[in-house]
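What follows is target_18.csv (CSV, C-alpha atoms).
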chain,number,residue,atom,x,y,z
A,1,MET,CA,-34.4,-64.8,-22.5
A,2,ILE,CA,-31.0,-64.3,-21.0
A,3,ILE,CA,-29.3,-61.2,-22.5
A,4,VAL,CA,-25.5,-61.7,-22.6
A,5,VAL,CA,-23.7,-58.4,-22.4
A,6,PRO,CA,-20.1,-58.6,-23.7
A,7,ILE,CA,-17.7,-58.1,-20.8
A,8,LEU,CA,-15.8,-55.3,-22.6
A,9,ILE,CA,-19.0,-53.2,-22.8
A,10,VAL,CA,-19.6,-53.7,-19.1
A,11,LEU,CA,-16.0,-52.7,-18.3
A,12,ALA,CA,-16.3,-49.7,-20.6
A,13,GLY,CA,-19.3,-48.5,-18.6
A,14,VAL,CA,-17.4,-48.8,-15.4
A,15,THR,CA,-13.9,-47.6,-16.2
A,16,GLY,CA,-14.0,-46.2,-19.7
A,17,GLY,CA,-15.1,-42.9,-21.2
A,18,GLN,CA,-14.4,-39.8,-19.0
A,19,ARG,CA,-12.4,-40.3,-15.9
A,20,PRO,CA,-14.0,-39.1,-12.7
A,21,ALA,CA,-13.3,-35.4,-12.1
A,22,GLU,CA,-10.3,-34.7,-9.9
A,23,SER,CA,-11.3,-33.1,-6.6
A,24,ALA,CA,-10.5,-29.5,-5.9
A,25,ALA,CA,-8.4,-30.6,-2.9
A,26,ALA,CA,-6.3,-32.9,-5.2
A,27,LEU,CA,-5.9,-30.2,-7.8
A,28,ILE,CA,-4.8,-27.7,-5.2
A,29,ALA,CA,-2.3,-30.2,-3.7
A,30,ARG,CA,-0.8,-30.8,-7.1
A,31,ALA,CA,-0.6,-27.1,-7.7
A,32,THR,CA,1.1,-26.5,-4.4
A,33,ASP,CA,3.7,-29.1,-5.3
A,34,ALA,CA,4.2,-27.6,-8.8
A,35,ALA,CA,4.6,-24.1,-7.4
A,36,GLN,CA,7.2,-25.3,-4.8
A,37,GLN,CA,9.2,-26.8,-7.6
A,38,GLY,CA,9.1,-23.6,-9.6
A,39,ARG,CA,6.6,-24.9,-12.2
A,40,ARG,CA,4.4,-21.8,-11.8
A,41,ALA,CA,2.5,-22.1,-15.2
A,42,GLU,CA,1.5,-25.6,-14.3
A,43,ALA,CA,0.4,-24.6,-10.8
A,44,LYS,CA,-1.7,-21.8,-12.2
A,45,GLY,CA,-3.3,-24.1,-14.7
A,46,LEU,CA,-4.2,-26.6,-12.0
A,47,LEU,CA,-5.6,-23.9,-9.8
A,48,LYS,CA,-7.7,-22.5,-12.6
A,49,SER,CA,-9.1,-26.0,-13.3
A,50,ALA,CA,-10.1,-26.3,-9.6
A,51,ALA,CA,-11.7,-22.8,-9.7
A,52,ASP,CA,-13.6,-23.5,-12.9
A,53,ALA,CA,-14.6,-27.1,-12.3
A,54,HIS,CA,-15.4,-26.8,-8.5
A,55,HIS,CA,-15.9,-23.1,-7.9
A,56,SER,CA,-13.2,-23.4,-5.3
A,57,VAL,CA,-12.6,-20.2,-3.5
A,58,ARG,CA,-9.4,-21.7,-2.0
A,59,ALA,CA,-8.1,-22.3,-5.5
A,60,MET,CA,-8.9,-18.8,-6.5
A,61,LEU,CA,-7.0,-17.3,-3.5
A,62,GLU,CA,-4.0,-19.4,-4.3
A,63,LEU,CA,-4.2,-18.5,-8.0
A,64,ALA,CA,-4.4,-14.8,-7.1
A,65,ARG,CA,-1.4,-15.0,-4.9
A,66,LEU,CA,0.6,-16.6,-7.8
A,67,GLN,CA,-0.6,-13.9,-10.2
A,68,ALA,CA,0.2,-11.1,-7.8
A,69,GLY,CA,3.6,-12.6,-7.2
A,70,GLU,CA,4.4,-12.4,-10.9
A,71,GLY,CA,3.2,-8.8,-11.1
A,72,ASP,CA,0.0,-9.7,-12.8
A,73,ARG,CA,-2.2,-7.4,-10.7
A,74,THR,CA,-5.0,-7.2,-13.3
A,75,GLY,CA,-5.3,-11.0,-13.4
A,76,ALA,CA,-5.1,-11.3,-9.6
A,77,MET,CA,-7.8,-8.7,-9.2
A,78,ALA,CA,-10.1,-10.4,-11.6
A,79,THR,CA,-9.5,-13.7,-9.8
A,80,LEU,CA,-10.2,-12.1,-6.4
A,81,ARG,CA,-13.4,-10.5,-7.7
A,82,ALA,CA,-14.6,-13.9,-8.8
A,83,ALA,CA,-13.8,-15.3,-5.4
A,84,ARG,CA,-15.6,-12.4,-3.7
A,85,ALA,CA,-18.7,-13.1,-5.8
A,86,LEU,CA,-18.7,-16.7,-4.5
A,87,ALA,CA,-17.8,-15.8,-0.9
A,88,PRO,CA,-18.7,-12.2,-0.2
A,89,ASN,CA,-18.2,-12.4,3.5
A,90,SER,CA,-15.0,-14.5,3.6
A,91,GLU,CA,-12.4,-12.7,5.8
A,92,GLU,CA,-9.6,-14.2,3.8
A,93,VAL,CA,-11.0,-13.1,0.5
A,94,LEU,CA,-11.8,-9.6,1.7
A,95,SER,CA,-8.3,-9.3,3.2
A,96,ALA,CA,-6.6,-10.4,0.1
A,97,PHE,CA,-8.8,-8.1,-2.1
A,98,ALA,CA,-8.0,-5.1,0.2
A,99,GLU,CA,-4.3,-5.7,0.3
A,100,LEU,CA,-4.0,-6.1,-3.5
A,101,SER,CA,-6.1,-3.0,-4.0
A,102,LEU,CA,-3.7,-1.0,-1.8
A,103,ALA,CA,-0.7,-2.3,-3.7
A,104,ALA,CA,-2.4,-1.3,-7.0
A,105,ASP,CA,-3.1,2.2,-5.7
A,106,MET,CA,-6.9,1.5,-5.9
A,107,ALA,CA,-7.7,3.6,-2.9
A,108,VAL,CA,-11.5,3.5,-2.9
A,109,PRO,CA,-12.1,-0.2,-3.2
A,110,ALA,CA,-9.3,-0.9,-0.7
A,111,ILE,CA,-10.7,1.6,1.9
A,112,LEU,CA,-14.3,0.4,1.5
A,113,THR,CA,-13.2,-3.2,1.9
A,114,LEU,CA,-11.1,-2.4,4.9
A,115,GLU,CA,-13.9,-0.5,6.5
A,116,SER,CA,-16.1,-3.6,6.2
A,117,LEU,CA,-13.3,-5.7,7.7
A,118,THR,CA,-12.9,-3.4,10.7
A,119,ARG,CA,-16.6,-3.6,11.3
A,120,LEU,CA,-16.7,-7.3,11.0
A,121,TYR,CA,-13.5,-7.9,13.0
A,122,PRO,CA,-13.0,-4.9,15.2
A,123,ASP,CA,-10.4,-6.6,17.4
A,124,VAL,CA,-7.9,-7.2,14.5
A,125,ALA,CA,-5.3,-4.5,14.6
A,126,ARG,CA,-4.0,-5.2,11.1
A,127,TYR,CA,-7.2,-4.2,9.4
A,128,SER,CA,-7.3,-0.8,11.2
A,129,TYR,CA,-3.6,-0.3,10.4
A,130,LEU,CA,-4.2,-1.0,6.7
A,131,LEU,CA,-7.2,1.2,6.7
A,132,GLY,CA,-5.1,4.0,8.1
A,133,VAL,CA,-2.5,3.5,5.4
A,134,GLY,CA,-5.2,3.5,2.7
A,135,LEU,CA,-6.7,6.7,4.0
A,136,MET,CA,-3.3,8.4,4.1
A,137,GLY,CA,-2.7,7.4,0.5
A,138,ALA,CA,-6.1,9.0,-0.4
A,139,GLY,CA,-5.1,12.2,1.4
A,140,ALA,CA,-7.6,11.7,4.3
A,141,ALA,CA,-5.1,12.2,7.1
A,142,PRO,CA,-7.6,13.0,10.0
A,143,ALA,CA,-9.5,9.7,9.3
A,144,ALA,CA,-6.2,7.9,8.9
A,145,ILE,CA,-5.1,9.1,12.4
A,146,ALA,CA,-8.3,7.8,13.9
A,147,ALA,CA,-7.8,4.3,12.2
A,148,LEU,CA,-4.1,4.1,13.2
A,149,GLU,CA,-4.9,5.1,16.8
A,150,ARG,CA,-7.4,2.2,16.9
A,151,ALA,CA,-4.7,-0.1,15.5
A,152,ASN,CA,-2.2,1.1,18.1
A,153,ALA,CA,-4.7,0.7,20.9
A,154,LEU,CA,-5.4,-2.9,19.8
A,155,ASP,CA,-1.7,-3.9,19.4
A,156,ALA,CA,0.5,-1.3,21.0
A,157,ASP,CA,4.1,-0.4,20.0
A,158,ARG,CA,4.2,-2.0,16.6
A,159,PRO,CA,6.9,0.1,14.7
A,160,LEU,CA,4.9,0.1,11.4
A,161,THR,CA,1.8,1.5,13.1
A,162,LEU,CA,3.9,4.1,15.0
A,163,ILE,CA,5.6,5.2,11.8
A,164,ALA,CA,2.3,5.5,9.9
A,165,LEU,CA,0.8,7.4,12.7
A,166,GLY,CA,3.8,9.7,12.9
A,167,LEU,CA,3.5,10.4,9.1
A,168,ALA,CA,-0.2,11.2,9.5
A,169,CYS,CA,0.6,13.5,12.4
A,170,ASN,CA,3.3,15.2,10.2
A,171,ASN,CA,0.7,15.7,7.5
A,172,GLN,CA,-1.6,17.5,10.0
A,173,LYS,CA,1.4,19.5,11.4
A,174,GLN,CA,1.2,17.8,14.8
A,175,TYR,CA,5.0,17.7,14.8
A,176,ASP,CA,5.6,17.3,18.5
A,177,ARG,CA,3.3,14.3,18.7
A,178,ALA,CA,4.9,12.9,15.5
A,179,ARG,CA,8.4,13.2,17.0
A,180,THR,CA,7.4,11.3,20.1
A,181,LEU,CA,5.8,8.5,18.1
A,182,LEU,CA,8.7,8.2,15.7
A,183,GLN,CA,11.4,8.3,18.4
A,184,ARG,CA,9.5,5.4,20.0
A,185,ALA,CA,9.4,3.5,16.7
A,186,LEU,CA,13.2,3.9,16.3
A,187,VAL,CA,13.8,2.6,19.9
A,188,LEU,CA,11.8,-0.5,18.9
A,189,ASP,CA,13.4,-0.9,15.4
A,190,PRO,CA,16.5,1.3,15.0
A,191,ASP,CA,17.0,0.3,11.4
A,192,ARG,CA,13.8,1.7,10.0
A,193,VAL,CA,14.9,4.3,7.4
A,194,GLU,CA,11.3,5.5,6.9
A,195,ALA,CA,11.0,6.2,10.6
A,196,LEU,CA,14.2,8.3,10.6
A,197,ALA,CA,13.0,10.2,7.5
A,198,ALA,CA,9.7,11.0,9.1
A,199,LEU,CA,11.4,12.1,12.3
A,200,ALA,CA,13.6,14.5,10.3
A,201,GLU,CA,10.3,15.9,8.8
A,202,ALA,CA,8.9,16.4,12.3
A,203,GLU,CA,12.1,18.0,13.5
A,204,ALA,CA,12.0,20.4,10.5
A,205,GLY,CA,8.4,21.2,11.3
A,206,LEU,CA,9.5,22.1,14.9
A,207,GLY,CA,12.2,24.4,13.7
A,208,ASP,CA,15.1,22.1,14.8
A,209,LEU,CA,16.9,22.3,11.5
A,210,GLU,CA,20.2,21.0,12.8
A,211,ALA,CA,18.6,17.7,13.9
A,212,ALA,CA,16.4,17.6,10.8
A,213,GLU,CA,19.5,18.0,8.5
A,214,ARG,CA,21.4,15.4,10.5
A,215,ASP,CA,18.7,12.7,10.4
A,216,ALA,CA,17.7,13.4,6.8
A,217,SER,CA,21.4,13.1,5.7
A,218,ARG,CA,21.6,9.8,7.5
A,219,VAL,CA,18.7,8.5,5.6
A,220,ILE,CA,20.0,9.7,2.2
A,221,ALA,CA,23.3,8.0,2.9
A,222,ARG,CA,21.4,4.7,3.0
A,223,ALA,CA,18.5,5.5,0.6
A,224,PRO,CA,19.6,8.4,-1.7
A,225,ALA,CA,16.1,8.7,-3.4
A,226,ASP,CA,14.0,8.8,-0.2
A,227,ALA,CA,11.3,11.3,-0.9
A,228,THR,CA,10.8,12.5,2.7
A,229,ALA,CA,14.5,12.9,3.5
A,230,ASN,CA,15.1,14.9,0.2
A,231,LEU,CA,12.1,17.1,1.0
A,232,VAL,CA,13.6,17.9,4.4
A,233,ILE,CA,17.1,18.5,3.0
A,234,GLY,CA,15.5,20.8,0.4
A,235,THR,CA,13.7,22.7,3.1
A,236,VAL,CA,16.9,23.2,5.1
A,237,ARG,CA,18.8,24.3,2.0
A,238,MET,CA,16.1,26.9,1.3
A,239,THR,CA,16.7,28.4,4.7
A,240,GLN,CA,20.4,28.5,4.0
A,241,GLN,CA,19.7,30.2,0.7
A,242,ARG,CA,21.3,27.4,-1.2
A,243,TYR,CA,18.5,27.4,-3.8
A,244,ALA,CA,20.1,25.3,-6.5
A,245,ASP,CA,20.8,22.5,-3.9
A,246,ALA,CA,17.3,22.8,-2.6
A,247,ARG,CA,15.9,22.5,-6.2
A,248,ASP,CA,17.9,19.3,-6.8
A,249,ALA,CA,16.7,17.7,-3.5
A,250,PHE,CA,13.1,18.7,-4.3
A,251,ILE,CA,13.4,17.2,-7.8
A,252,ILE,CA,14.4,13.9,-6.3
A,253,ALA,CA,11.5,14.0,-3.9
A,254,ALA,CA,9.0,14.8,-6.7
A,255,THR,CA,10.4,12.0,-8.8
A,256,THR,CA,10.3,9.4,-6.0
A,257,ASP,CA,6.8,10.4,-4.7
A,258,ALA,CA,5.1,11.3,-7.9
A,259,ARG,CA,1.6,11.7,-6.4
A,260,SER,CA,2.5,14.1,-3.6
A,261,PRO,CA,1.9,17.8,-4.2
A,262,LYS,CA,4.4,18.9,-1.5
A,263,PRO,CA,7.6,18.7,-3.6
A,264,GLU,CA,5.9,20.5,-6.5
A,265,TYR,CA,5.1,23.5,-4.3
A,266,GLN,CA,8.6,23.6,-2.9
A,267,LEU,CA,10.0,23.4,-6.4
A,268,SER,CA,8.0,26.4,-7.4
A,269,LEU,CA,9.5,28.4,-4.5
A,270,ALA,CA,13.1,27.2,-5.3
A,271,TYR,CA,12.7,28.1,-9.0
A,272,ALA,CA,11.3,31.5,-8.1
A,273,ARG,CA,14.3,32.2,-5.9
A,274,LEU,CA,16.6,31.2,-8.8
A,275,GLY,CA,14.8,33.6,-11.1
A,276,ASP,CA,13.3,30.9,-13.3
A,277,GLU,CA,9.7,32.1,-13.4
A,278,ALA,CA,8.6,29.8,-16.2
A,279,SER,CA,9.7,26.7,-14.2
A,280,ALA,CA,8.2,28.2,-11.0
A,281,GLN,CA,4.8,28.6,-12.7
A,282,ARG,CA,5.0,25.1,-14.2
A,283,HIS,CA,5.5,23.5,-10.8
A,284,VAL,CA,2.7,25.7,-9.3
A,285,GLU,CA,0.4,24.1,-12.0
A,286,LEU,CA,1.7,20.6,-11.2
A,287,TYR,CA,1.1,21.3,-7.5
A,288,GLN,CA,-2.5,22.3,-8.2
A,289,GLN,CA,-3.1,19.3,-10.4
A,290,LYS,CA,-1.8,16.8,-7.8
A,291,LEU,CA,-3.8,18.6,-5.0
A,292,ARG,CA,-7.0,18.3,-7.1
A,293,ALA,CA,-6.3,14.6,-7.7
A,294,MET,CA,-6.1,14.0,-3.9
A,295,GLU,CA,-9.3,16.0,-3.4
A,296,ASP,CA,-11.0,14.0,-6.1
A,297,ALA,CA,-10.0,10.8,-4.4
A,298,ILE,CA,-11.5,11.9,-1.2
A,299,LYS,CA,-14.7,13.0,-3.0
A,300,ALA,CA,-14.9,9.6,-4.7
A,301,LEU,CA,-14.5,7.9,-1.3
A,302,HIS,CA,-17.3,10.0,0.1
A,303,GLY,CA,-19.5,9.2,-2.9
A,304,ALA,CA,-18.9,5.5,-2.4
A,305,GLY,CA,-20.0,5.7,1.2
A,306,GLY,CA,-16.5,5.7,2.8
A,307,SER,CA,-15.5,7.6,5.9
A,308,GLY,CA,-12.5,9.5,4.5
A,309,ARG,CA,-13.3,12.7,6.3
Could you take the file, read its structure, and then write that structure out as structure tokens?
Amino acid sequence: MIIVVPILIVLAGVTGGQRPAESAAALIARATDAAQQGRRAEAKGLLKSAADAHHSVRAMLELARLQAGEGDRTGAMATLRAARALAPNSEEVLSAFAELSLAADMAVPAILTLESLTRLYPDVARYSYLLGVGLMGAGAAPAAIAALERANALDADRPLTLIALGLACNNQKQYDRARTLLQRALVLDPDRVEALAALAEAEAGLGDLEAAERDASRVIARAPADATANLVIGTVRMTQQRYADARDAFIIAATTDARSPKPEYQLSLAYARLGDEASAQRHVELYQQKLRAMEDAIKALHGAGGSGR
């Protein structure tokens, strides 16, 4: 017997029902076009579809970049964690995860990831540089100096590396070396305000208060809330016995760099000189709290197997 199948049924089997799933590459291409035209919500939806349907790590990376660009660090971090679960040894995933962790002040995961990257890719200066920045943020200045020295050896005379190394040397009271590094950074990039501020700190540490005041004042003229420059100005004003002016500068420094214990300690001294013992004691307590927070961060790093010594 010849079975006659209606033509419409045959066509339905071939072209009807669900359309073939769009490839990850096609979805990413459409998302890229949408993002370039400012249709970010559409772009994110397409990338999420590619990630969900195809487990595309590329789509996850692009989605995380869009989320981070919109300030959605929580969403971006969740996306990158999913990408890392799929591709735990991907350089691009690890790098994006580390940089986002740094931006979100998540020191321990950033440092641990960057330590992995520096082991896997020892010739990439950027990873040693970022590791040094992360270690500095966690209060591990000696380890930061070692990482930044590696970065500078791999790619010498990059201003950002020299500045970070100068800041780390300031932290360890290696002011003469810091001054040399920061002067070199300013030769290479004269417009770097952060280099000039760090140089002023080194000059103050060396007792050259005239140069320190001059350079810190130049920074404040361009960036009035710069924490380092205001800390230097406050230090100079203390030596001039201008305690109210010192207090005001230290307040700006403490507000701008809310995690640093340094301005709190200096504020306690300024208030003591002004005869305000209650305020002096309050800032001693704040100094101790912030110091403990930095110590706790280093302990957490050690506990997680990091090298922040």
- Task: Report the distance between CA of Lys262 (chain A) and CA of Gly132 (chain A) in Å, rounded to one decimal place.
- Result: 20.1 Å
- Which value, in Å to one decimal, gives the distance between CA of Ser260 (chain A) and CA of Pro190 (chain A)?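 So the answer is 26.6 Å.
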- Message: For a test of reading the model, state the distance in Å between CA of Arg40 (chain A) and CA of Pro88 (chain A), rounded to one decimal.
- Response: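 If I compute the distance from CA of Arg40 (chain A) to CA of Pro88 (chain A), I get 27.6 Å.
When only C-alpha atoms are used to measure the gap to Ala82 (chain A), the shortest distance among A:Val236, A:Leu63, A:Val284, A:Ile163 belongs to A:Leu63.
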- Query: Smallest atom-to-atom distance to Tyr265 (chain A): which of A:Ala244, A:Leu148, A:Ala24, A:Leu231, using only C-alpha atoms?
  - Reply: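 When distances to Tyr265 (chain A) are compared using only C-alpha atoms, the smallest one comes from A:Leu231.
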- Message: Restricting the calculation to all atoms listed in the file: of A:Ala164, A:Leu80, A:Leu154, A:Val133, which residue gets closest to Asp105 (chain A)?
- Response: A:Val133
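Among the candidates A:Ala59, A:Ala278, A:Ala29, A:Ile145, the residue lying nearest to Asn171 (chain A) is A:Ile145 (atoms considered: all atoms listed in the file).
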- Query: Around (-8.9, -6.1, 13.4) in the file's own coordinates, what residues are found within 12 Å if you use all atoms listed in the file, given back as number ranges by chain?
  - Reply: A: 91, 95, 114-131, 147-148, 150-155
- Message: I'd like the contact shell of region 193-203 of chain A - 9 Å cut-off, all atoms listed in the file, skipping same-chain residues fewer than 5 positions apart - returned as JSON, numbers by chain.
- Response: {"A": [159, 160, 162, 163, 164, 166, 167, 169, 170, 173, 174, 175, 176, 177, 178, 179, 180, 181, 182, 183, 185, 186, 208, 209, 210, 211, 212, 213, 214, 215, 216, 218, 219, 220, 222, 223, 226, 227, 228, 229, 230, 231, 232]}
